[in-house]
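*Asks:* Sharing upload.csv (CSV, C-alpha atoms) below.
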chain,number,residue,atom,x,y,z
A,20,MET,CA,30.3,24.9,-37.4
A,21,LYS,CA,26.9,23.1,-37.3
A,22,VAL,CA,26.4,20.5,-34.6
A,23,PRO,CA,23.0,18.8,-34.7
A,24,PHE,CA,21.5,17.6,-31.4
A,25,LEU,CA,21.0,14.2,-33.1
A,26,ASP,CA,21.6,12.8,-36.6
A,27,LEU,CA,20.5,9.2,-37.2
A,28,SER,CA,21.2,9.3,-40.9
A,29,GLN,CA,24.9,8.9,-40.5
A,30,GLN,CA,24.6,5.7,-38.6
A,31,HIS,CA,22.0,4.2,-40.9
A,32,LYS,CA,24.1,5.2,-44.0
A,33,ALA,CA,27.1,3.3,-42.7
A,34,ILE,CA,25.1,0.0,-42.3
A,35,ARG,CA,22.7,0.5,-45.2
A,36,THR,CA,23.9,-2.3,-47.4
A,37,GLU,CA,23.9,-4.9,-44.5
A,38,ALA,CA,20.6,-3.6,-43.1
A,39,LEU,CA,18.7,-3.8,-46.4
A,40,ALA,CA,20.0,-7.3,-47.1
A,41,ALA,CA,18.7,-8.4,-43.7
A,42,LEU,CA,15.4,-6.8,-44.3
A,43,THR,CA,15.1,-8.3,-47.7
A,44,ALA,CA,15.8,-11.8,-46.3
A,45,THR,CA,13.0,-11.3,-43.7
A,46,TYR,CA,10.6,-10.0,-46.4
A,47,ASP,CA,11.3,-12.9,-48.7
A,48,ALA,CA,10.8,-15.4,-45.9
A,49,THR,CA,7.6,-13.6,-44.7
A,50,ARG,CA,8.9,-13.6,-41.1
A,51,PHE,CA,6.8,-10.7,-40.1
A,52,CYS,CA,5.6,-11.4,-36.5
A,53,LEU,CA,8.2,-12.9,-34.1
A,54,GLY,CA,10.0,-15.8,-36.0
A,55,LYS,CA,13.7,-16.5,-36.7
A,56,ASP,CA,14.9,-12.9,-36.7
A,57,VAL,CA,13.4,-12.1,-33.3
A,58,ASP,CA,14.6,-15.4,-31.8
A,59,GLU,CA,18.2,-14.7,-33.0
A,60,PHE,CA,18.0,-11.1,-31.7
A,61,GLU,CA,16.8,-12.3,-28.2
A,62,GLN,CA,19.7,-14.8,-28.1
A,63,ASN,CA,22.2,-12.3,-29.3
A,64,LEU,CA,21.0,-9.6,-26.9
A,65,ALA,CA,21.3,-11.9,-23.9
A,66,THR,CA,24.7,-13.1,-24.9
A,67,THR,CA,26.1,-9.6,-25.7
A,68,LEU,CA,24.8,-8.0,-22.5
A,69,GLY,CA,25.2,-11.0,-20.1
A,70,TYR,CA,21.6,-11.9,-19.4
A,71,PRO,CA,20.3,-15.4,-18.9
A,72,ARG,CA,17.5,-14.7,-21.4
A,73,ALA,CA,15.7,-11.9,-23.2
A,74,LEU,CA,12.2,-11.4,-24.7
A,75,GLY,CA,11.6,-9.0,-27.7
A,76,MET,CA,8.5,-6.8,-27.6
A,77,ASN,CA,6.9,-4.3,-29.9
A,78,SER,CA,7.8,-1.1,-28.1
A,79,GLY,CA,9.6,0.2,-25.0
A,80,THR,CA,6.3,0.8,-23.3
A,81,ALA,CA,5.2,-2.8,-23.7
A,82,PRO,CA,7.7,-4.4,-21.4
A,83,LEU,CA,6.9,-1.8,-18.7
A,84,HIS,CA,3.3,-2.8,-19.0
A,85,VAL,CA,4.1,-6.5,-18.9
A,86,ALA,CA,6.4,-6.1,-16.0
A,87,CYS,CA,3.6,-4.5,-13.9
A,88,MET,CA,1.4,-7.4,-14.9
A,89,LEU,CA,4.0,-9.8,-13.8
A,90,ALA,CA,4.4,-8.0,-10.4
A,91,GLY,CA,0.6,-8.3,-9.8
A,92,PHE,CA,0.1,-4.6,-9.2
A,93,GLY,CA,-3.5,-3.6,-9.2
A,94,ALA,CA,-6.2,-1.3,-7.8
A,95,GLY,CA,-5.3,0.1,-4.4
A,96,ASP,CA,-1.6,-0.7,-4.8
A,97,GLU,CA,1.1,2.0,-4.9
A,98,VAL,CA,4.4,1.8,-6.9
A,99,ILE,CA,7.2,4.3,-6.1
A,100,THR,CA,8.9,5.8,-9.1
A,101,THR,CA,10.7,8.9,-10.4
A,102,PRO,CA,9.0,12.0,-11.7
A,103,PHE,CA,12.0,12.9,-13.9
A,104,THR,CA,11.7,10.5,-16.8
A,105,PHE,CA,9.7,9.9,-20.0
A,106,ILE,CA,6.0,9.3,-19.3
A,107,SER,CA,6.2,5.6,-20.4
A,108,SER,CA,8.0,4.8,-17.1
A,109,ALA,CA,4.7,5.5,-15.3
A,110,TRP,CA,2.3,4.2,-17.8
A,111,GLY,CA,2.6,0.5,-16.9
A,112,ILE,CA,1.7,1.3,-13.3
A,113,SER,CA,-1.4,3.2,-14.5
A,114,TYR,CA,-2.4,0.6,-17.1
A,115,VAL,CA,-2.8,-2.1,-14.4
A,116,GLY,CA,-4.8,0.2,-12.2
A,117,ALA,CA,-2.2,0.9,-9.6
A,118,ARG,CA,-1.1,4.3,-8.4
A,119,PRO,CA,2.3,5.8,-9.2
A,120,VAL,CA,3.9,7.6,-6.2
A,121,PHE,CA,6.6,10.0,-7.3
A,122,ALA,CA,9.7,10.3,-5.1
A,123,ASP,CA,12.3,12.9,-5.5
A,124,ILE,CA,15.6,12.5,-7.3
A,125,GLU,CA,19.3,13.1,-6.6
A,126,ALA,CA,20.6,16.4,-8.0
A,127,GLY,CA,23.8,14.9,-9.3
A,128,THR,CA,22.7,11.7,-11.1
A,129,TYR,CA,19.0,12.6,-11.9
A,130,ASN,CA,18.0,9.2,-10.5
A,131,LEU,CA,15.7,8.2,-7.7
A,132,ASP,CA,17.0,9.1,-4.3
A,133,PRO,CA,16.9,6.0,-2.1
A,134,ALA,CA,16.3,8.0,1.0
A,135,LYS,CA,13.2,9.6,-0.6
A,136,ILE,CA,11.9,6.1,-1.6
A,137,ALA,CA,12.0,5.1,2.0
A,138,ALA,CA,10.1,8.2,3.0
A,139,ALA,CA,7.4,7.5,0.4
A,140,LEU,CA,6.5,4.0,1.7
A,141,THR,CA,3.0,3.3,2.9
A,142,PRO,CA,1.2,0.0,3.7
A,143,ARG,CA,-0.1,0.1,0.1
A,144,THR,CA,3.4,0.1,-1.5
A,145,LYS,CA,3.9,-3.0,-3.6
A,146,GLY,CA,6.8,-2.1,-5.7
A,147,ILE,CA,9.5,0.3,-7.0
A,148,LEU,CA,10.1,1.2,-10.6
A,149,VAL,CA,13.6,2.4,-11.0
A,150,VAL,CA,14.8,4.4,-14.1
A,151,HIS,CA,18.5,4.3,-15.0
A,152,LEU,CA,18.1,7.8,-16.5
A,153,PHE,CA,20.3,9.1,-19.3
A,154,GLY,CA,22.3,5.8,-19.1
A,155,GLN,CA,23.5,6.4,-15.5
A,156,PRO,CA,22.7,3.4,-13.2
A,157,ALA,CA,20.7,4.3,-10.1
A,158,ARG,CA,21.9,3.3,-6.6
A,159,MET,CA,20.6,-0.2,-6.7
A,160,GLU,CA,22.3,-1.5,-3.5
A,161,GLU,CA,20.4,1.0,-1.4
A,162,ILE,CA,17.2,0.6,-3.4
A,163,MET,CA,17.3,-3.2,-3.2
A,164,ALA,CA,17.8,-3.0,0.6
A,165,VAL,CA,14.6,-1.1,0.9
A,166,ALA,CA,12.8,-3.5,-1.4
A,167,ARG,CA,14.0,-6.6,0.5
A,168,GLN,CA,13.0,-5.1,3.9
A,169,HIS,CA,9.5,-4.4,2.7
A,170,HIS,CA,9.0,-7.3,0.2
A,171,LEU,CA,8.7,-5.0,-2.8
A,172,PHE,CA,8.8,-6.0,-6.5
A,173,VAL,CA,11.5,-4.1,-8.3
A,174,ILE,CA,11.3,-3.1,-12.0
A,175,GLU,CA,14.3,-1.6,-13.7
A,176,ASP,CA,13.6,0.7,-16.6
A,177,CYS,CA,16.7,0.4,-18.7
A,178,ALA,CA,15.3,2.2,-21.8
A,179,GLN,CA,18.3,4.6,-21.8
A,180,ALA,CA,20.8,2.3,-20.2
A,181,ILE,CA,21.5,-0.6,-22.5
A,182,GLY,CA,25.0,-1.9,-21.7
A,183,ALA,CA,25.3,0.1,-18.4
A,184,ARG,CA,26.7,-1.7,-15.4
A,185,TYR,CA,26.2,-1.3,-11.7
A,186,GLN,CA,29.1,-2.6,-9.6
A,187,GLY,CA,30.1,-4.7,-12.5
A,188,ALA,CA,26.7,-6.2,-13.1
A,189,PRO,CA,24.5,-5.4,-16.1
A,190,VAL,CA,21.5,-3.3,-15.2
A,191,GLY,CA,18.2,-5.0,-15.7
A,192,VAL,CA,18.7,-8.2,-13.7
A,193,ILE,CA,19.5,-6.6,-10.3
A,194,GLY,CA,15.8,-6.2,-9.6
A,195,ASP,CA,13.0,-8.7,-10.5
A,196,VAL,CA,12.5,-7.5,-14.1
A,197,GLY,CA,14.4,-5.2,-16.5
A,198,THR,CA,12.9,-3.4,-19.5
A,199,PHE,CA,14.5,-1.9,-22.6
A,200,SER,CA,13.4,0.4,-25.5
A,201,PHE,CA,14.7,0.3,-29.1
A,202,TYR,CA,13.0,3.5,-30.2
A,203,PRO,CA,15.1,4.9,-33.0
A,204,THR,CA,16.8,7.6,-30.8
A,205,LYS,CA,18.0,5.1,-28.3
A,206,ASN,CA,21.7,3.9,-28.0
A,207,LEU,CA,20.5,0.7,-29.8
A,208,GLY,CA,17.6,2.0,-32.0
A,209,GLY,CA,15.4,0.2,-34.5
A,210,CYS,CA,13.8,1.5,-37.6
A,211,GLY,CA,10.5,1.9,-35.7
A,212,GLU,CA,9.3,0.7,-32.3
A,213,GLY,CA,10.7,-2.1,-30.3
A,214,GLY,CA,11.5,-3.2,-26.7
A,215,ALA,CA,12.7,-6.1,-24.6
A,216,LEU,CA,12.2,-7.6,-21.2
A,217,VAL,CA,14.8,-9.5,-19.1
A,218,SER,CA,14.7,-11.3,-15.8
A,219,ARG,CA,17.0,-13.6,-13.8
A,220,ARG,CA,13.8,-15.4,-12.6
A,221,GLU,CA,12.9,-18.0,-15.2
A,222,GLU,CA,9.2,-18.2,-14.1
A,223,LEU,CA,8.7,-14.5,-14.8
A,224,HIS,CA,10.3,-14.8,-18.2
A,225,THR,CA,8.0,-17.8,-19.0
A,226,ARG,CA,4.9,-15.8,-17.9
A,227,ALA,CA,6.0,-12.8,-19.9
A,228,ARG,CA,6.4,-14.9,-23.0
A,229,HIS,CA,2.8,-16.1,-22.7
A,230,ILE,CA,1.5,-12.6,-21.9
A,231,ARG,CA,3.3,-11.3,-25.0
A,232,VAL,CA,1.1,-13.6,-27.3
A,233,HIS,CA,-2.4,-13.1,-25.9
A,234,GLY,CA,-1.7,-15.2,-22.8
A,235,SER,CA,-1.1,-18.3,-24.9
A,236,ASP,CA,1.5,-21.0,-25.0
A,237,ARG,CA,-0.2,-22.8,-27.9
A,238,ARG,CA,-2.4,-21.4,-30.6
A,239,TYR,CA,-6.0,-20.8,-29.7
A,240,TYR,CA,-5.5,-21.8,-26.0
A,241,HIS,CA,-5.3,-19.0,-23.5
A,242,ASP,CA,-4.4,-19.8,-19.9
A,243,ILE,CA,-3.9,-16.2,-18.7
A,244,ILE,CA,-4.9,-12.7,-19.6
A,245,GLY,CA,-2.4,-11.4,-22.1
A,246,GLY,CA,-2.0,-8.9,-24.9
A,247,ASN,CA,-0.3,-8.4,-28.2
A,248,PHE,CA,3.2,-7.3,-27.4
A,249,ARG,CA,5.1,-9.2,-30.2
A,250,MET,CA,8.2,-7.8,-31.8
A,251,ASP,CA,8.0,-7.8,-35.6
A,252,GLY,CA,10.5,-9.6,-37.7
A,253,PHE,CA,11.8,-6.5,-39.5
A,254,GLN,CA,12.9,-4.9,-36.2
A,255,GLY,CA,14.5,-8.2,-35.1
A,256,ALA,CA,16.5,-8.3,-38.3
A,257,LEU,CA,17.6,-4.7,-38.2
A,258,LEU,CA,18.6,-4.9,-34.5
A,259,ASN,CA,20.6,-8.0,-35.3
A,260,VAL,CA,22.6,-5.9,-37.7
A,261,LYS,CA,23.1,-3.0,-35.2
A,262,LEU,CA,23.8,-5.0,-32.1
A,263,PRO,CA,27.5,-5.9,-33.0
A,264,HIS,CA,28.2,-2.2,-33.2
A,265,LEU,CA,26.8,-1.3,-29.8
A,266,GLY,CA,30.1,-1.7,-27.9
A,267,ALA,CA,32.0,0.7,-30.2
A,268,TRP,CA,29.1,3.2,-30.3
A,269,THR,CA,29.0,3.1,-26.5
A,270,LYS,CA,32.7,3.7,-26.2
A,271,ARG,CA,32.4,6.7,-28.5
A,272,ARG,CA,29.6,8.1,-26.3
A,273,GLN,CA,31.8,7.7,-23.2
A,274,THR,CA,34.7,9.4,-24.9
A,275,ILE,CA,32.6,12.4,-25.9
A,276,ALA,CA,31.2,12.6,-22.3
A,277,ALA,CA,34.7,12.5,-20.9
A,278,ARG,CA,35.6,15.4,-23.1
A,279,TYR,CA,32.6,17.4,-22.0
A,280,LEU,CA,33.3,16.6,-18.3
A,281,ASP,CA,36.9,17.7,-18.7
A,282,GLY,CA,36.4,20.7,-21.0
A,283,ILE,CA,33.2,22.5,-19.9
A,284,ARG,CA,34.3,25.2,-17.5
A,285,LEU,CA,31.4,27.8,-17.7
A,286,ALA,CA,30.7,29.3,-14.3
A,287,GLY,CA,27.4,28.1,-12.9
A,288,VAL,CA,27.1,24.9,-14.9
A,289,ARG,CA,26.4,21.8,-13.0
A,290,LEU,CA,27.7,18.7,-14.8
A,291,PRO,CA,26.2,15.2,-14.3
A,292,GLU,CA,27.9,13.3,-11.5
A,293,GLN,CA,29.6,9.9,-12.3
A,294,PRO,CA,29.6,7.9,-9.1
A,295,ALA,CA,32.2,5.1,-8.9
A,296,TYR,CA,29.6,2.4,-8.4
A,297,GLY,CA,28.2,2.6,-12.0
A,298,GLN,CA,29.3,2.8,-15.6
A,299,SER,CA,27.1,5.1,-17.7
A,300,VAL,CA,26.4,4.6,-21.4
A,301,PHE,CA,25.5,8.3,-21.8
A,302,HIS,CA,22.2,8.2,-23.7
A,303,GLN,CA,22.1,11.9,-22.9
A,304,PHE,CA,24.6,14.3,-21.5
A,305,THR,CA,22.5,16.8,-19.5
A,306,ILE,CA,23.8,19.8,-17.7
A,307,ARG,CA,22.1,22.4,-15.5
A,308,HIS,CA,22.3,26.1,-15.5
A,309,SER,CA,20.3,28.8,-13.8
A,310,ARG,CA,20.0,30.7,-17.1
A,311,ARG,CA,19.3,27.6,-19.2
A,312,ASP,CA,17.0,29.3,-21.7
A,313,ALA,CA,19.5,32.1,-22.5
A,314,LEU,CA,22.3,29.5,-22.8
A,315,ARG,CA,20.2,27.5,-25.2
A,316,GLU,CA,19.4,30.5,-27.3
A,317,PHE,CA,23.1,31.4,-27.4
A,318,LEU,CA,24.1,27.9,-28.4
A,319,ALA,CA,21.5,27.9,-31.2
A,320,ARG,CA,23.1,31.1,-32.6
A,321,ARG,CA,26.4,29.1,-32.6
A,322,GLU,CA,24.5,26.3,-34.5
A,323,VAL,CA,24.7,23.9,-31.6
A,324,GLY,CA,21.6,21.8,-31.2
A,325,THR,CA,20.2,21.1,-27.7
A,326,ASP,CA,17.0,19.7,-26.2
A,327,LEU,CA,15.0,20.0,-23.0
A,328,ILE,CA,14.8,16.5,-21.5
A,329,TYR,CA,12.5,16.8,-19.5
A,330,PRO,CA,10.9,20.2,-19.2
A,331,VAL,CA,7.9,19.1,-17.0
A,332,PRO,CA,8.3,16.4,-14.3
A,333,LEU,CA,5.6,13.7,-14.3
A,334,HIS,CA,3.9,14.8,-11.0
A,335,LEU,CA,3.1,18.2,-12.7
A,336,GLN,CA,1.7,16.6,-15.9
A,337,LYS,CA,-2.0,17.2,-16.4
A,338,CYS,CA,-2.7,13.4,-16.6
A,339,TYR,CA,-1.4,12.9,-13.0
A,340,ALA,CA,-3.0,16.0,-11.5
A,341,ASN,CA,-5.4,13.8,-9.5
A,342,LEU,CA,-2.4,12.4,-7.5
A,343,GLY,CA,-2.2,15.6,-5.5
A,344,GLN,CA,1.6,16.0,-5.8
A,345,GLY,CA,1.6,19.6,-6.9
A,346,ARG,CA,4.5,22.1,-7.4
A,347,GLY,CA,6.8,22.3,-4.4
A,348,THR,CA,6.4,18.6,-3.4
A,349,LEU,CA,9.4,17.3,-5.3
A,350,PRO,CA,11.8,20.3,-5.3
A,351,VAL,CA,14.9,18.6,-6.8
A,352,ALA,CA,13.0,17.2,-9.8
A,353,GLU,CA,11.3,20.5,-10.3
A,354,GLY,CA,14.5,22.4,-10.1
A,355,THR,CA,16.2,20.0,-12.5
A,356,SER,CA,13.4,20.3,-15.1
A,357,ASP,CA,13.6,24.1,-14.8
A,358,THR,CA,17.4,24.2,-15.5
A,359,CYS,CA,18.4,21.1,-17.5
A,360,LEU,CA,19.8,21.2,-21.0
A,361,SER,CA,20.9,18.2,-23.0
A,362,LEU,CA,23.9,18.5,-25.3
A,363,PRO,CA,24.7,16.6,-28.5
A,364,ILE,CA,26.0,13.1,-27.8
A,365,PHE,CA,25.9,10.5,-30.5
A,366,PRO,CA,28.6,8.2,-31.8
A,367,GLU,CA,29.0,10.0,-35.2
A,368,LEU,CA,29.9,13.4,-33.7
A,369,THR,CA,33.4,14.4,-34.8
A,370,ASP,CA,36.1,15.6,-32.4
A,371,GLU,CA,35.9,19.1,-34.0
A,372,GLN,CA,32.1,19.2,-33.4
A,373,VAL,CA,32.6,18.2,-29.7
A,374,ALA,CA,35.3,20.9,-29.4
A,375,HIS,CA,32.9,23.5,-30.9
A,376,VAL,CA,30.2,22.6,-28.3
A,377,ILE,CA,32.7,23.0,-25.4
A,378,ALA,CA,34.1,26.2,-26.7
A,379,SER,CA,30.6,27.6,-27.3
A,380,ILE,CA,29.4,26.8,-23.8
A,381,ASN,CA,32.5,28.3,-22.3
A,382,SER,CA,32.1,31.5,-24.2
A,383,PHE,CA,28.6,32.1,-22.9
A,384,THR,CA,28.5,35.4,-20.9
A,385,GLY,CA,24.7,35.6,-20.4
Could you render the structure as structure tokens?

*Replies:*
Amino acid sequence: MKVPFLDLSQQHKAIRTEALAALTATYDATRFCLGKDVDEFEQNLATTLGYPRALGMNSGTAPLHVACMLAGFGAGDEVITTPFTFISSAWGISYVGARPVFADIEAGTYNLDPAKIAAALTPRTKGILVVHLFGQPARMEEIMAVARQHHLFVIEDCAQAIGARYQGAPVGVIGDVGTFSFYPTKNLGGCGEGGALVSRREELHTRARHIRVHGSDRRYYHDIIGGNFRMDGFQGALLNVKLPHLGAWTKRRQTIAARYLDGIRLAGVRLPEQPAYGQSVFHQFTIRHSRRDALREFLARREVGTDLIYPVPLHLQKCYANLGQGRGTLPVAEGTSDTCLSLPIFPELTDEQVAHVIASINSFTG
């Protein structure tokens, strides 16, 4: 039985008629940059997820950049973040001239370890950029305690965690600013790039709205330095079609994850932990095994797709070699990158396919 790591075509086929009708309406009305479709998506996103407001942007990287601008990070400042994430999580810090400081992660959740954040503080620390990795909320209570004690600006990268909750609260508005990605592979994915920014602080939302359109509140008048971070109308229209399905898609991901957690019994496999404080939306289901590469090759022979997310932690990337955090400085993140393996988990997987993945893993003998 063939089990792809990800197959977007099934989801798009199911909503094809509705999606094409929405895109046609946008095309005919020439609502190409922001406009009615984006306005409606912002309102629908906020209502669906429980946010006071939301702001659509043109990629998942854009709101991270804007969030660092809102925080006022700049040259000489340090921002603590995780090394085990996609590179965009650190780009915003670098774009504004600040320095990312990578702290180690928890072995079980793959998220920032609050104790390691405290150990990384210096007089130059101005913020913390938290990533709710793979859909699993980070330990925000402990992280926010550190932030309040040291007057730090907190950004939540929720690119993989749309709909996730921490102690009942939606991720993204626990800190100062939350950011989202609608890259096609995300739990709520567009047909192209897209992102969003949320905040419980109205003044930050207002500034972000101005930054998004060249620092302007009215055409040709520019009160602050901004950029072009506008969401296009086609993405707003498509995401409006997909958003009502997000709850059902998330429940299916959680069901698949529960079957993996209950069924995988291979000796030596470390399964992701699910702490009681948070509700994961399982963007990825990532296990660890000391013979990861051999296991991956075995699964490929069984026609089970897998991926390595992420094979190289950020502090070991060439672009950040100048930071001086070489191999051995963040052992948990490094060990995770060396042993992690992500399994298929998308809503359209059948029960039979999930069973095949579990049986295949359990039959691995090395």

*Asks:* For each of A:Gly255, A:Gly146, A:Gly116, A:Gly297, take the minimum atom-to-atom distance to A:Gln62, counting all atoms listed in the file, then give the residue where this is smallest.

*Replies:*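 With all atoms listed in the file as the atom set, the closest residue is A:Gly255.
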
*Asks:* When you draw a straight line from atom CA of A:His302 to atom CA of A:Cys338, how long is it in Å?

*Replies:*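 Value for the atom CA of A:His302-atom CA of A:Cys338 distance: 26.4 Å.
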
*Asks:* Show me, as lines of an AutoDock Vina configuration file, the centre and edge lengths in Å to one decimal of the axis-aligned box that covers every listed atom of stretch 276-286 of chain A with 4 Å on each side.

*Replies:*
center_x = 33.8
center_y = 20.9
center_z = -18.7
size_x = 14.2
size_y = 24.8
size_z = 16.8

*Asks:* Looking at A:Ala295, A:Ile380, A:Val120, A:Tyr70, which one is nearest to A:Arg220, with distances taken over all atoms listed in the file?

*Replies:*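 Among the listed residues, the smallest separation from A:Arg220 belongs to A:Tyr70.
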
*Asks:* I need the residue nearest A:Leu223 from this list: A:Ala313, A:Asp195, A:Phe248, A:Gly347. Use all atoms listed in the file for the distance.

*Replies:* A:Asp195

*Asks:* How far is it from atom CA of A:Ala157 to atom CA of A:Gly214, in Å with one decimal?

*Replies:* 20.4 Å

*Asks:* I need the residue nearest A:Thr141 from this list: A:Val98, A:Met159, A:Ala215, A:Ala178. Use only C-alpha atoms for the distance.

*Replies:*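 Of A:Val98, A:Met159, A:Ala215, A:Ala178, the one nearest A:Thr141 is A:Val98, counting only C-alpha atoms.
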
*Asks:* Which residue out of A:Ala164, A:Leu207, A:Leu262, A:Leu74 has the minimum interatomic distance to A:Met250 when all atoms listed in the file are used?

*Replies:*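 Ranked by minimum distance to A:Met250, first place goes to A:Leu74.
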
*Asks:* Which of these, A:Pro330, A:Phe199, A:Met163, A:Tyr339, has the shortest distance to A:Trp110 once you count all atoms listed in the file?

*Replies:* A:Tyr339
